[in-house]
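Shown next: final-v8.cif, containing mmCIF, C-alpha atoms and all ligand atoms.
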```cif
data_model
loop_
_atom_site.label_atom_id
_atom_site.label_comp_id
_atom_site.auth_asym_id
_atom_site.auth_seq_id
_atom_site.Cartn_x
_atom_site.Cartn_y
_atom_site.Cartn_z
CA MET A 1 0.00 0.00 0.00
CA LEU A 2 1.43 3.40 -1.00
CA ILE A 3 0.69 6.39 1.21
CA LEU A 4 1.51 10.01 0.45
CA GLY A 5 2.26 11.77 3.76
CA ILE A 6 1.99 15.54 4.27
CA GLU A 7 3.38 17.50 7.23
CA SER A 8 3.21 21.25 7.87
CA SER A 9 2.61 21.63 11.63
CA CYS A 10 5.55 23.94 12.37
CA ASP A 11 8.52 25.09 10.29
CA GLU A 12 9.05 22.21 7.86
CA THR A 13 6.99 21.71 4.72
CA ALA A 14 7.25 18.01 4.01
CA ALA A 15 5.85 15.28 1.78
CA ALA A 16 6.83 11.62 1.47
CA VAL A 17 5.77 8.41 -0.20
CA VAL A 18 5.98 5.33 2.02
CA GLU A 19 5.19 1.72 1.14
CA ASN A 20 3.47 -0.48 3.73
CA GLY A 21 4.27 1.89 6.57
CA ARG A 22 8.03 1.29 6.51
CA ARG A 23 9.73 1.50 3.14
CA VAL A 24 10.45 5.14 2.39
CA LEU A 25 10.36 5.78 -1.37
CA SER A 26 10.82 9.53 -1.00
CA ASN A 27 11.09 12.01 1.86
CA ILE A 28 11.16 15.67 0.86
CA ILE A 29 11.61 18.41 3.46
CA ALA A 30 11.66 22.14 2.75
CA SER A 31 13.11 23.54 5.96
CA GLN A 32 12.39 27.13 7.03
CA ILE A 33 15.42 27.37 9.33
CA ASP A 34 17.02 30.23 7.37
CA LEU A 35 13.73 32.10 7.24
CA HIS A 36 13.28 32.04 11.03
CA ALA A 37 16.95 32.50 12.00
CA PRO A 38 16.75 36.34 12.20
CA THR A 39 13.89 36.16 14.73
CA GLY A 40 15.46 33.25 16.63
CA GLY A 41 12.17 31.32 16.55
CA VAL A 42 9.15 30.49 14.42
CA VAL A 43 6.71 33.32 13.61
CA PRO A 44 3.46 31.42 12.78
CA GLU A 45 2.21 33.84 10.13
CA VAL A 46 5.57 33.85 8.33
CA ALA A 47 5.76 30.04 8.53
CA ALA A 48 2.21 29.57 7.17
CA ARG A 49 2.88 31.81 4.17
CA GLU A 50 6.02 29.84 3.35
CA HIS A 51 4.12 26.53 3.65
CA ALA A 52 1.56 27.87 1.14
CA VAL A 53 4.36 28.60 -1.34
CA LYS A 54 6.19 25.30 -0.86
CA ILE A 55 3.48 22.69 -0.34
CA ILE A 56 2.64 21.86 -3.97
CA PRO A 57 6.27 21.80 -5.26
CA VAL A 58 7.24 19.60 -2.28
CA ILE A 59 4.41 17.12 -2.94
CA ASP A 60 5.28 17.12 -6.63
CA ARG A 61 8.92 16.31 -5.85
CA ALA A 62 7.94 13.55 -3.43
CA LEU A 63 5.91 11.83 -6.16
CA LYS A 64 8.66 12.31 -8.77
CA GLU A 65 11.41 11.03 -6.50
CA ALA A 66 9.33 7.98 -5.56
CA ARG A 67 8.68 7.46 -9.31
CA VAL A 68 4.97 7.02 -8.76
CA SER A 69 2.04 8.78 -10.35
CA ALA A 70 -0.93 10.06 -8.36
CA ARG A 71 -2.94 7.12 -9.69
CA ARG A 72 -0.73 4.64 -7.84
CA ILE A 73 -1.16 6.35 -4.45
CA ASP A 74 -3.64 4.38 -2.31
CA ALA A 75 -4.28 6.99 0.39
CA LEU A 76 -3.10 10.31 1.80
CA ALA A 77 -2.09 10.94 5.41
CA VAL A 78 -1.83 14.45 6.80
CA THR A 79 -0.86 15.93 10.18
CA CYS A 80 -4.08 17.25 11.67
CA CYS A 81 -2.85 18.27 15.18
CA PRO A 82 -1.14 19.49 17.31
CA GLY A 83 0.76 22.39 15.79
CA LEU A 84 0.52 26.00 14.70
CA ILE A 85 -3.03 26.35 13.44
CA SER A 86 -2.26 28.52 10.41
CA CYS A 87 0.48 26.07 9.39
CA LEU A 88 -1.68 22.95 9.88
CA LEU A 89 -4.36 24.51 7.71
CA VAL A 90 -2.05 24.59 4.71
CA GLY A 91 -1.22 20.86 4.88
CA VAL A 92 -4.76 19.79 5.72
CA ASN A 93 -6.25 21.80 2.87
CA ALA A 94 -3.67 20.43 0.43
CA GLY A 95 -4.55 16.91 1.62
CA LYS A 96 -8.29 17.53 1.34
CA THR A 97 -7.97 18.99 -2.14
CA LEU A 98 -5.85 16.11 -3.45
CA SER A 99 -8.09 13.53 -1.78
CA PHE A 100 -11.09 15.16 -3.49
CA LEU A 101 -9.38 15.33 -6.89
CA TRP A 102 -7.85 11.86 -6.79
CA LYS A 103 -10.81 10.26 -4.94
CA LYS A 104 -8.49 8.66 -2.41
CA PRO A 105 -8.95 8.16 1.34
CA LEU A 106 -7.52 10.86 3.61
CA ILE A 107 -6.12 9.82 7.01
CA PRO A 108 -5.78 12.45 9.76
CA VAL A 109 -2.61 11.79 11.80
CA HIS A 110 -1.69 13.12 15.23
CA HIS A 111 1.78 14.66 14.94
CA ILE A 112 3.11 12.81 17.99
CA HIS A 113 1.87 9.46 16.67
CA GLY A 114 3.97 10.32 13.64
CA HIS A 115 7.08 10.82 15.81
CA LEU A 116 6.37 7.53 17.60
CA TYR A 117 6.50 5.69 14.26
CA ALA A 118 9.74 7.36 13.08
CA PRO A 119 12.04 4.67 14.62
CA TRP A 120 10.10 1.97 12.68
CA LEU A 121 10.86 3.50 9.29
CA SER A 122 13.36 1.64 7.08
CA HIS A 123 13.51 -1.29 9.54
CA ASN A 124 12.50 -4.71 8.25
CA GLU A 125 12.32 -6.57 11.56
CA ALA A 126 8.97 -6.64 13.32
CA VAL A 127 8.63 -4.50 16.43
CA GLN A 128 8.43 -6.45 19.70
CA PHE A 129 5.83 -5.13 22.13
CA PRO A 130 5.63 -3.66 24.69
CA VAL A 131 7.66 -0.67 23.58
CA VAL A 132 8.47 2.27 25.82
CA SER A 133 9.07 5.31 23.65
CA LEU A 134 10.33 8.78 24.49
CA SER A 135 9.26 11.40 21.97
CA VAL A 136 11.08 14.62 22.66
CA SER A 137 11.02 17.73 20.53
CA GLY A 138 10.79 21.50 20.64
CA GLY A 139 7.02 21.38 21.12
CA HIS A 140 6.43 18.15 23.04
CA ASN A 141 7.97 15.74 25.50
CA GLU A 142 6.11 12.46 26.06
CA LEU A 143 6.92 9.07 27.49
CA VAL A 144 4.58 6.53 25.91
CA LEU A 145 3.83 2.84 26.43
CA ILE A 146 3.03 1.19 23.09
CA SER A 147 1.45 -2.19 23.79
CA ASP A 148 0.44 -2.96 20.20
CA TYR A 149 0.08 -1.27 16.83
CA GLN A 150 -2.11 1.75 17.53
CA ARG A 151 -2.30 1.15 21.29
CA PHE A 152 -0.66 4.02 23.12
CA ARG A 153 -0.69 5.11 26.74
CA VAL A 154 0.99 8.31 27.86
CA LEU A 155 3.04 7.53 30.98
CA GLY A 156 4.45 10.98 31.50
CA ALA A 157 4.79 14.37 29.84
CA THR A 158 6.30 17.74 30.50
CA LEU A 159 4.44 19.99 32.90
CA ASP A 160 5.93 23.09 31.29
CA ASP A 161 8.61 23.23 28.58
CA ALA A 162 9.72 20.42 26.31
CA ALA A 163 13.43 19.53 26.39
CA GLY A 164 13.95 20.88 22.84
CA GLU A 165 12.43 24.21 23.87
CA ALA A 166 14.88 24.34 26.82
CA TYR A 167 17.78 23.56 24.44
CA ASP A 168 16.64 26.33 22.09
CA LYS A 169 16.18 28.95 24.82
CA VAL A 170 19.47 28.21 26.59
CA ALA A 171 21.28 28.22 23.24
CA ARG A 172 19.81 31.66 22.64
CA LEU A 173 21.07 32.86 26.04
CA LEU A 174 24.52 31.66 24.99
CA GLY A 175 24.26 33.59 21.72
CA LEU A 176 24.10 30.48 19.53
CA SER A 177 22.31 30.25 16.20
CA TYR A 178 18.75 28.97 15.69
CA PRO A 179 17.76 26.15 16.09
CA GLY A 180 19.69 25.94 19.31
CA GLY A 181 19.74 22.19 20.01
CA PRO A 182 22.34 21.12 17.42
CA ALA A 183 24.50 24.24 18.04
CA LEU A 184 24.47 23.74 21.81
CA SER A 185 25.32 20.04 21.60
CA LYS A 186 28.25 20.85 19.28
CA LEU A 187 29.59 23.39 21.79
CA ALA A 188 29.05 20.92 24.64
CA GLU A 189 31.49 18.47 23.00
CA LYS A 190 34.34 20.74 24.16
CA GLY A 191 33.03 21.28 27.69
CA ASP A 192 33.10 19.61 31.09
CA PRO A 193 29.61 18.24 31.91
CA PHE A 194 30.38 18.25 35.66
CA TYR A 195 31.65 21.83 35.89
CA TYR A 196 28.33 23.47 36.84
CA GLN A 197 25.67 21.82 39.01
CA LEU A 198 22.23 22.40 37.50
CA PRO A 199 18.88 21.13 38.84
CA ARG A 200 17.19 17.90 37.77
CA VAL A 201 13.49 18.13 38.49
CA PHE A 202 11.50 15.08 39.70
CA MET A 203 14.73 13.18 40.21
CA GLU A 204 15.45 13.69 43.88
CA LYS A 205 15.59 10.04 44.81
CA TYR A 206 16.69 10.31 48.39
CA LYS A 207 14.72 13.40 49.35
CA ASN A 208 11.40 12.27 47.93
CA PRO A 209 11.02 8.69 46.65
CA LYS A 210 7.70 9.61 45.05
CA ASN A 211 9.51 11.97 42.69
CA TRP A 212 11.73 9.13 41.60
CA ARG A 213 8.80 7.17 40.29
CA ASN A 214 7.25 10.22 38.71
CA LEU A 215 7.49 9.90 34.92
CA ASP A 216 6.61 13.54 34.23
CA PHE A 217 9.15 16.16 33.21
CA SER A 218 9.79 19.81 33.95
CA PHE A 219 12.50 21.90 32.31
CA SER A 220 11.51 25.51 33.00
CA GLY A 221 13.37 25.54 36.37
CA LEU A 222 16.52 24.34 34.64
CA LYS A 223 16.15 27.13 32.10
CA THR A 224 15.80 29.74 34.86
CA ALA A 225 18.72 28.27 36.84
CA THR A 226 20.91 28.57 33.73
CA LEU A 227 19.83 32.19 33.26
CA ARG A 228 20.57 33.02 36.93
CA LEU A 229 24.00 31.38 36.67
CA LEU A 230 24.78 33.43 33.57
CA GLN A 231 23.68 36.61 35.32
CA LYS A 232 25.78 35.79 38.39
CA GLU A 233 28.93 34.78 36.55
CA GLY A 234 28.82 37.47 33.83
CA ASN A 235 32.03 37.47 31.81
CA ARG A 236 33.57 34.74 33.96
CA ILE A 237 31.15 32.17 32.55
CA ARG A 238 32.80 29.17 30.87
CA VAL A 239 30.47 28.84 27.90
CA SER A 240 31.33 25.35 26.68
CA ASP A 241 31.32 23.98 30.26
CA LEU A 242 27.89 25.52 30.78
CA ALA A 243 26.63 23.99 27.51
CA ALA A 244 28.00 20.58 28.53
CA SER A 245 26.57 20.83 32.08
CA PHE A 246 23.16 21.86 30.73
CA GLN A 247 23.13 19.04 28.18
CA HIS A 248 24.19 16.56 30.86
CA ALA A 249 21.36 17.71 33.16
CA VAL A 250 18.65 17.43 30.46
CA ASN A 251 19.90 14.13 29.09
CA GLU A 252 20.30 12.57 32.51
CA VAL A 253 16.64 13.27 33.25
CA LEU A 254 15.47 12.03 29.82
CA SER A 255 17.52 8.82 29.83
CA THR A 256 16.77 7.98 33.46
CA LYS A 257 13.01 8.37 33.03
CA LEU A 258 13.08 6.34 29.81
CA LEU A 259 15.03 3.47 31.43
CA ASN A 260 12.93 3.68 34.59
CA ALA A 261 9.70 3.38 32.57
CA ALA A 262 11.18 0.55 30.47
CA MET A 263 11.99 -1.43 33.64
CA LYS A 264 8.62 -0.70 35.22
CA TYR A 265 6.67 -1.89 32.16
CA GLY A 266 8.99 -4.75 31.11
CA ALA A 267 9.73 -3.22 27.70
CA CYS A 268 11.06 -5.44 24.91
CA GLU A 269 12.12 -2.36 22.98
CA ILE A 270 13.13 1.17 23.97
CA HIS A 271 12.56 3.89 21.38
CA LEU A 272 13.85 7.43 21.25
CA THR A 273 12.32 9.83 18.76
CA GLY A 274 11.59 13.52 17.97
CA GLY A 275 14.05 16.33 17.21
CA VAL A 276 16.11 15.82 20.38
CA SER A 277 16.68 12.15 19.49
CA ALA A 278 19.34 13.50 17.10
CA ASN A 279 21.41 14.35 20.19
CA GLN A 280 24.41 12.00 20.26
CA ASP A 281 25.09 12.39 23.99
CA LEU A 282 21.52 11.32 24.80
CA ARG A 283 21.79 8.25 22.57
CA LYS A 284 25.17 7.40 24.12
CA LYS A 285 23.83 7.65 27.69
CA ILE A 286 21.06 5.14 26.90
CA GLU A 287 23.32 2.83 24.89
CA THR A 288 26.02 2.80 27.60
CA ALA A 289 23.51 2.01 30.34
CA LEU A 290 22.07 -0.86 28.27
CA ARG A 291 25.51 -2.24 27.44
CA ASP A 292 26.85 -2.02 31.00
CA ARG A 293 23.46 -3.00 32.52
CA PHE A 294 24.03 -0.08 34.86
CA SER A 295 22.72 3.46 34.99
CA PRO A 296 24.56 6.09 37.06
CA THR A 297 21.26 7.24 38.54
CA LEU A 298 19.24 3.98 38.62
CA GLY A 299 21.97 1.46 39.48
CA GLU A 300 21.56 -2.14 38.22
CA LEU A 301 19.12 -2.36 35.33
CA THR A 302 16.47 -5.01 35.79
CA LEU A 303 15.79 -5.27 32.08
CA SER A 304 16.04 -8.24 29.78
CA PRO A 305 19.51 -8.34 28.15
CA LYS A 306 17.65 -8.78 24.83
CA VAL A 307 15.96 -5.41 25.09
CA ARG A 308 16.46 -3.47 21.89
CA PHE A 309 17.17 0.25 21.59
CA ARG A 310 15.86 1.91 18.42
CA PHE A 311 16.03 5.46 17.20
CA PRO A 312 15.32 6.86 13.72
CA VAL A 313 17.83 5.34 11.28
CA ASP A 314 18.32 8.69 9.56
CA LEU A 315 18.62 12.11 11.22
CA LYS A 316 15.97 13.27 8.70
CA TYR A 317 13.42 11.11 10.53
CA CYS A 318 14.26 12.65 13.95
CA THR A 319 12.98 16.14 13.23
CA ASP A 320 9.63 16.86 11.55
CA ASN A 321 9.10 14.92 8.32
CA ALA A 322 6.25 13.42 6.34
CA ALA A 323 7.58 9.85 6.12
CA MET A 324 6.65 9.34 9.78
CA ILE A 325 3.16 10.73 9.07
CA ALA A 326 2.70 8.31 6.16
CA GLY A 327 4.02 5.47 8.39
CA ALA A 328 1.61 6.27 11.21
CA GLY A 329 -1.21 6.74 8.67
CA TYR A 330 -0.61 3.24 7.27
CA PHE A 331 -1.02 1.52 10.67
CA GLN A 332 -4.04 3.73 11.45
CA TYR A 333 -5.63 2.75 8.14
CA ARG A 334 -4.79 -0.93 8.58
CA LYS A 335 -6.59 -0.99 11.92
CA ALA A 336 -9.90 0.35 10.56
CA PRO A 337 -9.85 0.62 6.74
CA SER A 338 -13.61 1.01 6.48
CA LYS A 339 -13.37 4.27 8.43
CA TYR A 340 -11.49 5.86 5.54
CA VAL A 341 -13.13 4.28 2.50
CA ASN A 342 -15.74 6.95 2.02
CA TRP A 343 -13.46 9.87 1.21
CA ARG A 344 -16.37 12.34 1.16
CA ARG A 345 -17.31 11.48 4.73
CA VAL A 346 -13.68 11.58 5.88
CA GLN A 347 -13.45 15.11 4.52
CA ALA A 348 -16.20 16.15 6.89
CA ASP A 349 -14.59 14.31 9.82
CA ALA A 350 -14.50 16.24 13.09
CA GLN A 351 -10.73 15.69 13.25
CA PHE A 352 -10.38 17.99 10.27
CA ARG A 353 -12.31 20.83 11.91
CA LEU A 354 -9.17 22.49 13.14
O1 LIG B 1 10.65 17.32 16.02
P1 LIG B 1 11.09 18.71 15.74
O2 LIG B 1 11.64 19.00 14.38
O3 LIG B 1 9.94 19.75 15.96
C1 LIG B 1 8.93 19.70 16.92
O4 LIG B 1 7.99 18.89 16.73
O5 LIG B 1 9.08 20.46 17.89
O6 LIG B 1 12.19 19.07 16.87
C2 LIG B 1 12.91 20.26 16.86
C3 LIG B 1 13.66 20.39 18.18
C4 LIG B 1 14.30 21.76 18.37
O7 LIG B 1 14.01 22.22 19.66
C5 LIG B 1 15.80 21.45 18.21
O8 LIG B 1 16.63 22.34 18.93
C6 LIG B 1 15.88 20.05 18.76
O9 LIG B 1 14.71 19.40 18.27
N1 LIG B 1 17.11 19.36 18.29
C7 LIG B 1 18.12 19.00 19.11
C8 LIG B 1 19.12 18.43 18.28
N2 LIG B 1 18.66 18.45 16.99
C9 LIG B 1 17.43 19.03 17.02
N3 LIG B 1 18.27 19.12 20.43
C10 LIG B 1 19.41 18.66 20.98
N4 LIG B 1 20.41 18.12 20.26
C11 LIG B 1 20.32 17.98 18.92
N5 LIG B 1 21.32 17.43 18.23
ZN ZN B 2 7.59 17.31 15.79
#
```

Using structure tokens, write down the structure that the file contains.
Ligand code: KG4
Ligand code: ZN
Amino acid sequence: MLILGIESSCDETAAAVVENGRRVLSNIIASQIDLHAPTGGVVPEVAAREHAVKIIPVIDRALKEARVSARRIDALAVTCCPGLISCLLVGVNAGKTLSFLWKKPLIPVHHIHGHLYAPWLSHNEAVQFPVVSLSVSGGHNELVLISDYQRFRVLGATLDDAAGEAYDKVARLLGLSYPGGPALSKLAEKGDPFYYQLPRVFMEKYKNPKNWRNLDFSFSGLKTATLRLLQKEGNRIRVSDLAASFQHAVNEVLSTKLLNAAMKYGACEIHLTGGVSANQDLRKKIETALRDRFSPTLGELTLSPKVRFRFPVDLKYCTDNAAMIAGAGYFQYRKAPSKYVNWRRVQADAQFRL
């Protein structure tokens, strides 16, 4: 089954053709990074206008690169939420129009479901359930138990900022370019992660055991602590040591909660996805703990030695892309095909009333 995926929830206009939910035939992304660099963040109105310009050429390229004609596409999948409303509207209306013209089913996909499917792309081996997945981006931060295809349970989420948002804001404080995450992690390579002590929220094992079991996240305090430290130290600040200490604090929380949840729910697979999954230090922390069967914060890992750690095979699948939307759309369709057969009714679906 061939699905054309469309994604436009934030600052990437993307289209992809994916076969049977896994085999990526094309994955086109028109990034708006340069457009938003002068403002240091996404301006929704500016982003939406750019999506409107790029959406048709991007879809066209996705079809051409996959060497398929519109006739061969079986269904369309489009991000319907969450995201910047004016940006979502562009993708959803493109999807609706093409579904109407081509008379093909249209599948509304939740953006985070898309991220959860990103580690499955381009993998041939079947996924072993249960999976504990951490999806962490600029806009969201969720720990999810996946007990079967299409069966998700949110175990924890951020109570304020997502980790990617914290990376971006701290990078901005350090005068780094947008988007901050990759720039900060590059700077952190040269720094000492133990130089500055920064807070780790909901991780105070000995003070409050309840916090230890808490699978929620909070990063706004860490952001403020970094700002206060910068204000206090002024010119004496050791920038790369601060970047490394900040990265260490965020990644220690993320990896510990992920491993903690995996142990608690007896995961067969551990997945890491979303923009921040591109972070090499975060991947290394999880890989090292799994290899040594020991986590610096959790101690001995009571996990099966066969547990598998997956992250998106390509960095292009970490950040926003349409291949993951097509992948998620395929499994959604497979679960209830009859729901999408009548393309006229799907067009009027409540999920499309943004
Ligand atoms: O998934 P994504 O493209 O958009 C959202 O759905 O939010 O994720 C973008 C986020 C940004 O906050 C960016 O700074 C962060 O992912 N990011 C990283 C890295 N690469 C991207 N954060 C830390 N280290 C990286 N290497
Ligand atoms: Zn995203």

>> At a cut-off of 7 Å and counting all atoms listed in the file, what residues surround ligand ZN 2 (chain B)? Please answer as a ChimeraX atom specification.
In response: /A:111-112,115,137,139,274-275,319-320

> What is the atom CA of Gln32 of chain A-atom CA of Lys54 of chain A distance in Å, reported with one decimal?
Replying inline: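 Between atom CA of Gln32 of chain A and atom CA of Lys54 of chain A the gap is 10.2 Å.
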
> Could you name the residues that touch Gly221 of chain A at 12 Å or less, counting all atoms listed in the file, but leaving out those on the same chain fewer than 2 positions away, as a ChimeraX atom specification?
Replying inline: /A:159-163,166,170,198-202,217-219,223-228,246,249-250

Selection to disk with C-alpha atoms, as a JSON list (two decimals), in the frame of the given file:
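Output file out-v7.json is given in full below:
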```json
[["chain", "number", "residue", "atom", "x", "y", "z"],
["A", 159, "LEU", "CA", 4.44, 19.99, 32.90],
["A", 160, "ASP", "CA", 5.93, 23.09, 31.29],
["A", 161, "ASP", "CA", 8.61, 23.23, 28.58],
["A", 162, "ALA", "CA", 9.72, 20.42, 26.31],
["A", 163, "ALA", "CA", 13.43, 19.53, 26.39],
["A", 166, "ALA", "CA", 14.88, 24.34, 26.82],
["A", 170, "VAL", "CA", 19.47, 28.21, 26.59],
["A", 198, "LEU", "CA", 22.23, 22.40, 37.50],
["A", 199, "PRO", "CA", 18.88, 21.13, 38.84],
["A", 200, "ARG", "CA", 17.19, 17.90, 37.77],
["A", 201, "VAL", "CA", 13.49, 18.13, 38.49],
["A", 202, "PHE", "CA", 11.50, 15.08, 39.70],
["A", 217, "PHE", "CA", 9.15, 16.16, 33.21],
["A", 218, "SER", "CA", 9.79, 19.81, 33.95],
["A", 219, "PHE", "CA", 12.50, 21.90, 32.31],
["A", 223, "LYS", "CA", 16.15, 27.13, 32.10],
["A", 224, "THR", "CA", 15.80, 29.74, 34.86],
["A", 225, "ALA", "CA", 18.72, 28.27, 36.84],
["A", 226, "THR", "CA", 20.91, 28.57, 33.73],
["A", 227, "LEU", "CA", 19.83, 32.19, 33.26],
["A", 228, "ARG", "CA", 20.57, 33.02, 36.93],
["A", 246, "PHE", "CA", 23.16, 21.86, 30.73],
["A", 249, "ALA", "CA", 21.36, 17.71, 33.16],
["A", 250, "VAL", "CA", 18.65, 17.43, 30.46]]
```

>> Just want the residues within 7 Å of ligand LIG 1 (chain B), written as an NGL selection string, counting all atoms listed in the file.
In response: :A and (137-140 or 164-165 or 167-168 or 179-182 or 185 or 274-280 or 318-320)

> Nearest to Gly40 of chain A: which of A:Tyr178, A:Phe152, A:Trp102, A:Phe331 is it, counting all atoms listed in the file?
Replying inline: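 For Gly40 of chain A, the nearest of the candidates is A:Tyr178.
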
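Across the structure, atom CA of Met203 of chain A and atom CA of Val253 of chain A are spaced 7.2 Å apart.
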
Can you take segment 106-127 of chain A from the block and write N, CA and C atoms as a tab-separated table (two decimals), in the first residue's frame?
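As written to disk, result_4.tsv reads:
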```tsv
chain	number	residue	atom	x	y	z
A	106	LEU	N	-8.39	9.90	2.92
A	106	LEU	CA	-7.52	10.86	3.61
A	106	LEU	C	-7.48	10.48	5.09
A	107	ILE	N	-6.27	10.29	5.62
A	107	ILE	CA	-6.12	9.82	7.01
A	107	ILE	C	-5.56	10.96	7.87
A	108	PRO	N	-6.31	11.40	8.89
A	108	PRO	CA	-5.78	12.45	9.76
A	108	PRO	C	-4.82	11.84	10.78
A	109	VAL	N	-3.61	12.37	10.89
A	109	VAL	CA	-2.61	11.79	11.80
A	109	VAL	C	-2.20	12.80	12.86
A	110	HIS	N	-2.18	12.31	14.11
A	110	HIS	CA	-1.69	13.12	15.23
A	110	HIS	C	-0.17	13.23	15.08
A	111	HIS	N	0.35	14.44	15.18
A	111	HIS	CA	1.78	14.66	14.94
A	111	HIS	C	2.67	13.76	15.83
A	112	ILE	N	2.27	13.59	17.08
A	112	ILE	CA	3.11	12.81	17.99
A	112	ILE	C	3.05	11.32	17.66
A	113	HIS	N	1.91	10.85	17.16
A	113	HIS	CA	1.87	9.46	16.67
A	113	HIS	C	2.89	9.31	15.55
A	114	GLY	N	2.97	10.33	14.71
A	114	GLY	CA	3.97	10.32	13.64
A	114	GLY	C	5.37	10.12	14.22
A	115	HIS	N	5.74	10.94	15.21
A	115	HIS	CA	7.08	10.82	15.81
A	115	HIS	C	7.28	9.42	16.39
A	116	LEU	N	6.23	8.86	16.99
A	116	LEU	CA	6.37	7.53	17.60
A	116	LEU	C	6.67	6.46	16.56
A	117	TYR	N	6.24	6.67	15.32
A	117	TYR	CA	6.50	5.69	14.26
A	117	TYR	C	7.84	5.91	13.56
A	118	ALA	N	8.49	7.06	13.81
A	118	ALA	CA	9.74	7.36	13.08
A	118	ALA	C	10.82	6.28	13.27
A	119	PRO	N	10.99	5.69	14.49
A	119	PRO	CA	12.04	4.67	14.62
A	119	PRO	C	11.71	3.37	13.87
A	120	TRP	N	10.47	3.20	13.39
A	120	TRP	CA	10.10	1.97	12.68
A	120	TRP	C	10.45	2.08	11.21
A	121	LEU	N	10.63	3.30	10.72
A	121	LEU	CA	10.86	3.50	9.29
A	121	LEU	C	12.18	2.86	8.86
A	122	SER	N	12.17	2.27	7.67
A	122	SER	CA	13.36	1.64	7.08
A	122	SER	C	13.90	0.49	7.91
A	123	HIS	N	13.11	-0.08	8.80
A	123	HIS	CA	13.51	-1.29	9.54
A	123	HIS	C	12.66	-2.43	9.02
A	124	ASN	N	13.29	-3.58	8.76
A	124	ASN	CA	12.50	-4.71	8.25
A	124	ASN	C	11.95	-5.58	9.37
A	125	GLU	N	12.73	-5.66	10.49
A	125	GLU	CA	12.32	-6.57	11.56
A	125	GLU	C	11.06	-6.05	12.25
A	126	ALA	N	10.22	-7.01	12.64
A	126	ALA	CA	8.97	-6.64	13.32
A	126	ALA	C	9.29	-6.04	14.68
A	127	VAL	N	8.44	-5.13	15.12
A	127	VAL	CA	8.63	-4.50	16.43
A	127	VAL	C	8.09	-5.45	17.49
```
